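upload_6.csv, holding CSV, C-alpha atoms and all ligand atoms:
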chain,number,residue,atom,x,y,z
B,1,MET,CA,228.6,16.3,120.3
B,2,HIS,CA,226.2,18.4,122.4
B,3,ILE,CA,227.3,22.0,123.0
B,4,LEU,CA,225.9,24.6,125.3
B,5,ILE,CA,226.5,28.3,124.6
B,6,VAL,CA,226.1,30.6,127.7
B,7,HIS,CA,225.4,33.9,126.0
B,8,VAL,CA,225.8,37.1,128.0
B,9,HIS,CA,225.1,40.3,126.2
B,10,PRO,CA,222.1,42.7,126.5
B,11,GLU,CA,222.0,43.7,122.8
B,12,PRO,CA,220.7,41.1,120.2
B,13,GLN,CA,222.5,43.1,117.4
B,14,SER,CA,225.9,43.2,119.1
B,15,PHE,CA,229.0,41.6,117.8
B,16,ASN,CA,228.8,39.1,120.7
B,17,ALA,CA,225.4,38.1,119.3
B,18,ALA,CA,226.9,37.7,115.9
B,19,LEU,CA,229.6,35.4,117.4
B,20,THR,CA,226.9,33.3,119.0
B,21,HIS,CA,224.9,33.0,115.8
B,22,THR,CA,228.1,32.1,114.0
B,23,ALA,CA,228.8,29.4,116.5
B,24,VAL,CA,225.3,27.9,116.3
B,25,HIS,CA,225.3,27.8,112.5
B,26,THR,CA,228.9,26.5,112.3
B,27,LEU,CA,228.5,23.8,114.9
B,28,GLU,CA,225.1,22.6,113.6
B,29,ALA,CA,226.5,22.4,110.1
B,30,LEU,CA,229.2,20.2,111.5
B,31,GLY,CA,226.5,17.8,112.8
B,32,HIS,CA,226.6,18.9,116.5
B,33,THR,CA,223.6,19.8,118.6
B,34,VAL,CA,223.6,23.3,120.2
B,35,GLU,CA,221.7,24.8,123.0
B,36,VAL,CA,221.9,28.5,123.9
B,37,SER,CA,221.3,29.8,127.4
B,38,ASP,CA,220.8,33.6,126.7
B,39,LEU,CA,221.0,34.9,130.2
B,40,TYR,CA,219.7,38.4,129.5
B,41,ALA,CA,216.8,37.0,127.4
B,42,LEU,CA,216.0,34.6,130.2
B,43,GLY,CA,216.1,37.3,132.8
B,44,PHE,CA,218.4,35.1,134.8
B,45,ASN,CA,218.7,36.3,138.4
B,46,PRO,CA,222.4,36.7,139.3
B,47,VAL,CA,222.0,37.5,142.9
B,48,ALA,CA,222.9,34.6,145.2
B,49,GLY,CA,221.0,34.3,148.5
B,50,ARG,CA,218.2,32.6,150.4
B,51,ASN,CA,216.1,32.0,147.2
B,52,ASP,CA,218.8,29.7,145.9
B,53,VAL,CA,217.1,26.9,147.8
B,54,THR,CA,213.4,26.1,148.2
B,55,GLN,CA,213.7,25.0,151.8
B,56,ALA,CA,216.5,26.3,154.1
B,57,ALA,CA,218.5,23.7,156.0
B,58,ASP,CA,219.2,26.4,158.6
B,59,PRO,CA,216.6,29.2,158.5
B,60,ALA,CA,218.4,31.0,161.3
B,61,PHE,CA,221.7,31.7,159.6
B,62,LEU,CA,222.5,31.7,155.8
B,63,HIS,CA,225.7,29.8,155.2
B,64,LEU,CA,225.5,29.6,151.4
B,65,GLN,CA,227.8,26.7,150.7
B,66,ARG,CA,226.2,24.6,153.4
B,67,GLU,CA,222.7,25.4,151.9
B,68,GLN,CA,223.9,24.6,148.4
B,69,LYS,CA,225.2,21.2,149.6
B,70,ALA,CA,222.1,20.4,151.6
B,71,ALA,CA,219.9,21.4,148.7
B,72,PHE,CA,221.8,19.3,146.2
B,73,GLU,CA,221.5,16.3,148.5
B,74,ARG,CA,217.8,16.9,149.2
B,75,GLY,CA,216.7,18.0,145.8
B,76,THR,CA,215.7,21.5,147.1
B,77,THR,CA,217.9,23.6,144.8
B,78,ALA,CA,215.9,26.5,143.2
B,79,PRO,CA,214.3,25.5,139.8
B,80,ASP,CA,216.1,28.3,137.8
B,81,ILE,CA,219.5,26.9,139.1
B,82,VAL,CA,218.5,23.3,138.4
B,83,ALA,CA,217.5,24.3,134.8
B,84,GLU,CA,221.0,25.7,134.2
B,85,GLN,CA,222.7,22.7,135.8
B,86,ARG,CA,220.7,20.3,133.5
B,87,LYS,CA,222.0,22.3,130.5
B,88,LEU,CA,225.5,21.9,131.7
B,89,THR,CA,225.1,18.3,132.5
B,90,ARG,CA,223.9,17.6,128.9
B,91,ALA,CA,226.8,19.4,127.3
B,92,GLU,CA,230.2,18.1,126.3
B,93,LEU,CA,231.5,21.5,125.4
B,94,VAL,CA,230.4,24.8,127.0
B,95,ILE,CA,231.1,28.1,125.2
B,96,PHE,CA,230.9,31.2,127.3
B,97,GLN,CA,230.2,34.2,125.0
B,98,PHE,CA,230.6,37.7,126.7
B,99,PRO,CA,232.2,41.1,126.5
B,100,VAL,CA,235.0,41.9,129.0
B,101,TRP,CA,233.6,44.4,131.5
B,102,TRP,CA,235.9,45.9,134.1
B,103,ARG,CA,238.6,43.4,133.1
B,104,SER,CA,236.3,40.5,134.1
B,105,ALA,CA,233.0,38.9,133.1
B,106,PRO,CA,229.7,40.9,133.2
B,107,ALA,CA,228.1,40.7,136.7
B,108,LEU,CA,225.3,38.5,135.2
B,109,LEU,CA,227.8,35.8,134.3
B,110,LYS,CA,229.6,36.1,137.6
B,111,GLY,CA,226.3,35.7,139.4
B,112,TRP,CA,225.5,32.7,137.2
B,113,PHE,CA,228.8,31.1,138.4
B,114,ASP,CA,227.9,31.9,142.0
B,115,ARG,CA,224.4,30.4,141.8
B,116,VAL,CA,224.8,27.5,139.3
B,117,LEU,CA,228.2,26.0,140.2
B,118,THR,CA,227.1,24.9,143.5
B,119,VAL,CA,228.7,22.7,146.2
B,120,GLY,CA,227.6,19.1,145.6
B,121,TYR,CA,226.8,19.7,141.9
B,122,ALA,CA,230.0,21.3,140.7
B,123,TYR,CA,232.6,20.7,143.4
B,124,GLY,CA,232.9,19.5,147.0
B,125,ALA,CA,235.4,18.1,149.5
B,126,GLY,CA,238.0,16.3,147.4
B,127,ARG,CA,236.1,17.0,144.2
B,128,VAL,CA,238.0,19.8,142.5
B,129,TYR,CA,240.0,20.2,139.3
B,130,ALA,CA,240.4,16.7,137.8
B,131,THR,CA,237.7,15.3,140.0
B,132,GLY,CA,235.4,18.3,139.9
B,133,GLY,CA,231.7,17.8,139.2
B,134,LEU,CA,232.0,19.1,135.6
B,135,SER,CA,235.0,16.9,134.7
B,136,GLY,CA,234.6,15.2,131.3
B,137,ARG,CA,233.6,18.5,129.7
B,138,ARG,CA,235.4,21.2,127.9
B,139,ALA,CA,235.0,24.9,128.2
B,140,LEU,CA,235.8,27.7,125.8
B,141,LEU,CA,235.8,31.5,126.6
B,142,SER,CA,234.8,33.5,123.5
B,143,VAL,CA,235.3,37.2,124.5
B,144,THR,CA,235.4,40.7,123.1
B,145,PHE,CA,237.5,43.5,124.5
B,146,GLY,CA,236.8,47.2,124.0
B,147,SER,CA,240.1,47.8,122.0
B,148,PRO,CA,242.8,45.7,120.5
B,149,THR,CA,244.4,43.5,123.1
B,150,SER,CA,247.6,41.5,123.4
B,151,PRO,CA,247.6,37.8,124.2
B,152,GLU,CA,249.3,38.6,127.5
B,153,GLU,CA,246.5,41.0,128.5
B,154,ALA,CA,243.9,38.5,127.5
B,155,ARG,CA,245.6,35.8,129.5
B,156,GLU,CA,245.8,38.1,132.6
B,157,VAL,CA,242.1,39.0,132.4
B,158,LEU,CA,240.8,35.5,131.7
B,159,HIS,CA,243.1,33.6,134.0
B,160,GLN,CA,240.9,33.8,137.1
B,161,MET,CA,237.8,32.6,135.2
B,162,GLN,CA,239.7,29.9,133.3
B,163,ASP,CA,241.6,28.5,136.3
B,164,GLY,CA,239.8,29.7,139.4
B,165,VAL,CA,236.3,28.9,138.2
B,166,LEU,CA,236.2,26.5,135.2
B,167,ALA,CA,239.2,24.3,135.7
B,168,PHE,CA,238.4,24.3,139.5
B,169,VAL,CA,235.0,22.6,138.8
B,170,GLY,CA,236.6,20.1,136.4
B,171,PHE,CA,236.4,21.6,132.9
B,172,GLU,CA,239.2,21.1,130.5
B,173,VAL,CA,239.7,24.7,129.4
B,174,LEU,CA,240.5,25.3,125.7
B,175,PRO,CA,242.5,28.3,124.5
B,176,PRO,CA,240.2,31.4,124.4
B,177,PHE,CA,238.8,33.1,121.3
B,178,VAL,CA,239.5,36.8,121.6
B,179,VAL,CA,238.3,39.8,119.5
B,180,GLY,CA,239.8,43.2,120.4
B,181,GLY,CA,237.7,46.3,119.7
B,182,PRO,CA,234.9,44.9,117.4
B,183,ARG,CA,233.1,48.3,117.4
B,184,SER,CA,236.0,50.0,115.6
B,185,LEU,CA,236.2,47.3,112.9
B,186,THR,CA,235.0,47.9,109.4
B,187,VAL,CA,232.2,45.6,108.1
B,188,GLU,CA,234.9,43.6,106.2
B,189,GLU,CA,237.0,43.3,109.3
B,190,ARG,CA,234.1,42.1,111.3
B,191,GLN,CA,233.3,39.5,108.7
B,192,ALA,CA,236.9,38.4,108.8
B,193,GLU,CA,236.7,38.0,112.6
B,194,LEU,CA,233.5,35.9,112.3
B,195,GLU,CA,235.3,33.8,109.6
B,196,ARG,CA,238.2,33.3,112.0
B,197,TYR,CA,235.8,32.1,114.7
B,198,ARG,CA,234.2,29.7,112.2
B,199,ASP,CA,237.6,28.3,111.4
B,200,THR,CA,238.5,28.1,115.1
B,201,LEU,CA,235.3,26.1,115.9
B,202,ALA,CA,235.7,23.9,112.9
B,203,HIS,CA,239.3,23.0,113.9
B,204,LEU,CA,238.8,22.7,117.6
B,205,ALA,CA,241.1,19.9,118.7
B,206,LEU,CA,238.4,18.1,120.6
B,207,GLY,CA,240.1,14.7,120.5
B,208,ALA,CA,238.5,11.7,122.0
B,209,PRO,CA,235.4,12.0,124.2
B,210,LEU,CA,236.4,12.5,127.8
B,211,GLU,CA,235.0,10.3,130.6
B,212,ARG,CA,231.9,12.0,132.0
B,213,SER,CA,231.6,12.2,135.8
B,214,LEU,CA,228.0,13.2,136.2
B,215,ALA,CA,225.0,11.0,135.7
B,216,LEU,CA,222.4,13.7,136.3
B,217,SER,CA,219.9,14.6,133.6
M,301,LIG,C1,230.5,48.2,132.0
M,301,LIG,C2,231.6,48.1,131.0
M,301,LIG,C3,232.9,47.8,131.3
M,301,LIG,C4,233.9,47.6,130.3
M,301,LIG,N1,235.1,47.3,130.7
M,301,LIG,C5,236.1,47.0,129.8
M,301,LIG,C6,237.4,46.5,130.2
M,301,LIG,O1,237.7,46.4,131.3
M,301,LIG,N2,238.3,46.3,129.2
M,301,LIG,C7,238.0,46.4,127.8
M,301,LIG,O2,238.8,46.1,127.0
M,301,LIG,N3,236.7,46.8,127.5
M,301,LIG,C8,235.8,47.1,128.4
M,301,LIG,N4,234.5,47.5,128.0
M,301,LIG,C9,234.2,47.5,126.6
M,301,LIG,C10,233.5,46.3,126.1
M,301,LIG,O3,234.3,45.1,126.3
M,301,LIG,C11,233.2,46.3,124.6
M,301,LIG,O4,232.3,47.4,124.4
M,301,LIG,C12,232.7,45.1,124.0
M,301,LIG,O5,233.6,44.0,124.1
M,301,LIG,C13,232.3,45.2,122.5
M,301,LIG,O6,231.6,44.1,122.1
M,301,LIG,P1,230.0,44.4,121.7
M,301,LIG,O7,230.0,45.4,120.5
M,301,LIG,O8,229.5,43.0,121.3
M,301,LIG,O9,229.3,45.0,122.9
M,301,LIG,C14,233.5,47.7,129.0
M,301,LIG,C15,232.2,48.0,128.6
M,301,LIG,C16,231.2,48.2,129.6
M,301,LIG,C17,229.8,48.5,129.2
If you convert what's in this file into structure tokens, what do you get?
Amino acid sequence: MHILIVHVHPEPQSFNAALTHTAVHTLEALGHTVEVSDLYALGFNPVAGRNDVTQAADPAFLHLQREQKAAFERGTTAPDIVAEQRKLTRAELVIFQFPVWWRSAPALLKGWFDRVLTVGYAYGAGRVYATGGLSGRRALLSVTFGSPTSPEEAREVLHQMQDGVLAFVGFEVLPPFVVGGPRSLTVEERQAELERYRDTLAHLALGAPLERSLALS
């Protein structure tokens, strides 16, 4: 299986980075191929706007969804967006690795959703949820909170992303992997959490391959 990890943390020595390293090593050892899109390292621009297309369909008025759709049809989507879409298209499982900031995703990831999950590519009229553009792929949120958290709080914080974004564009969303308060853990406790992540990834109930809906490369 080919797996994409969208990694969103500014510090390479963070616990989030350790989780991504753990995922890469674990999944490769299991025979999977893994690609990491490290959004801070890439300097990915999260600000949606006119530069999302190389040629405006309507230069007089920016209607972003119309521009996204026209650009998808004409092949005029900005190259940095197309690069991320190609990574998504190649992947059968996408892991989003990030810390919870303001009970949500860091703005960089929110901007990646805004710019990469475009009309035409990820969804469109009659192409949402089961028929969304990313159907046939699974998504896993691997997140850290600032302090220990309950499953209810995690559900509440992650629901909008899991349902309103990922399921909406067609992903089958797997149960999240959550670590509460990594900074207050001892070295041994951090190792135990990384071990728990290793076990979670090794035992992912991935089942049979889903039917892929995108033929893009
Ligand atoms: C801008 C900002 C907002 C944050 N908001 C939250 C929050 O809403 N809930 C929470 O539990 N922790 C919050 N935190 C704490 C981070 O989630 C925490 O530092 C991180 O998950 C720890 O992982 P790390 O050591 O890999 O950075 C916030 C941190 C920052 C910098």
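Atom CA of Leu204 of chain B to atom CA of Leu174 of chain B spans 8.7 Å [interatomic distance, one decimal].
Considering the residues B:Glu73, B:Asp52, B:Glu156, B:Glu188 and counting all atoms listed in the file, ligand LIG 301 (chain M) has its shortest atom-to-atom contact with B:Glu156.
As for atom CA of Gln68 of chain B and atom CA of Pro176 of chain B, they are spaced 29.8 Å apart.
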Next on the checklist: Can you pull out every residue with an atom within 12 Å of ligand LIG 301 (chain M)? Use only C-alpha atoms and all ligand atoms and format it as a PyMOL selection string.
Outcome noted: chain B and resi 7-20+97-108+142-150+153-154+156-158+178-185+190
Counting all atoms listed in the file, I want the residues whose atoms come within 10 Å of (235.8, 21.0, 111.6) in the file frame, returned as a PDB file with C-alpha atoms, keeping the file's coordinate frame.
ATOM      1  CA  THR B  26     228.900  26.500 112.300  1.00  0.00           C
ATOM      2  CA  LEU B  27     228.500  23.800 114.900  1.00  0.00           C
ATOM      3  CA  ALA B  29     226.500  22.400 110.100  1.00  0.00           C
ATOM      4  CA  LEU B  30     229.200  20.200 111.500  1.00  0.00           C
ATOM      5  CA  GLY B  31     226.500  17.800 112.800  1.00  0.00           C
ATOM      6  CA  ARG B 198     234.200  29.700 112.200  1.00  0.00           C
ATOM      7  CA  ASP B 199     237.600  28.300 111.400  1.00  0.00           C
ATOM      8  CA  THR B 200     238.500  28.100 115.100  1.00  0.00           C
ATOM      9  CA  LEU B 201     235.300  26.100 115.900  1.00  0.00           C
ATOM     10  CA  ALA B 202     235.700  23.900 112.900  1.00  0.00           C
ATOM     11  CA  HIS B 203     239.300  23.000 113.900  1.00  0.00           C
ATOM     12  CA  LEU B 204     238.800  22.700 117.600  1.00  0.00           C
ATOM     13  CA  ALA B 205     241.100  19.900 118.700  1.00  0.00           C
ATOM     14  CA  LEU B 206     238.400  18.100 120.600  1.00  0.00           C
TER      15      LEU B 206
END
Checklist entry - For the atom pair atom CA of Ser135 of chain B and atom CA of Phe44 of chain B, what is the interatomic distance in Å to one decimal place? => result 24.6 Å
Item to check | Residue nearest Leu141 of chain B among B:Gly43, B:Pro79, B:Asn51, B:Ile5 (counting all atoms listed in the file) | outcome: B:Ile5
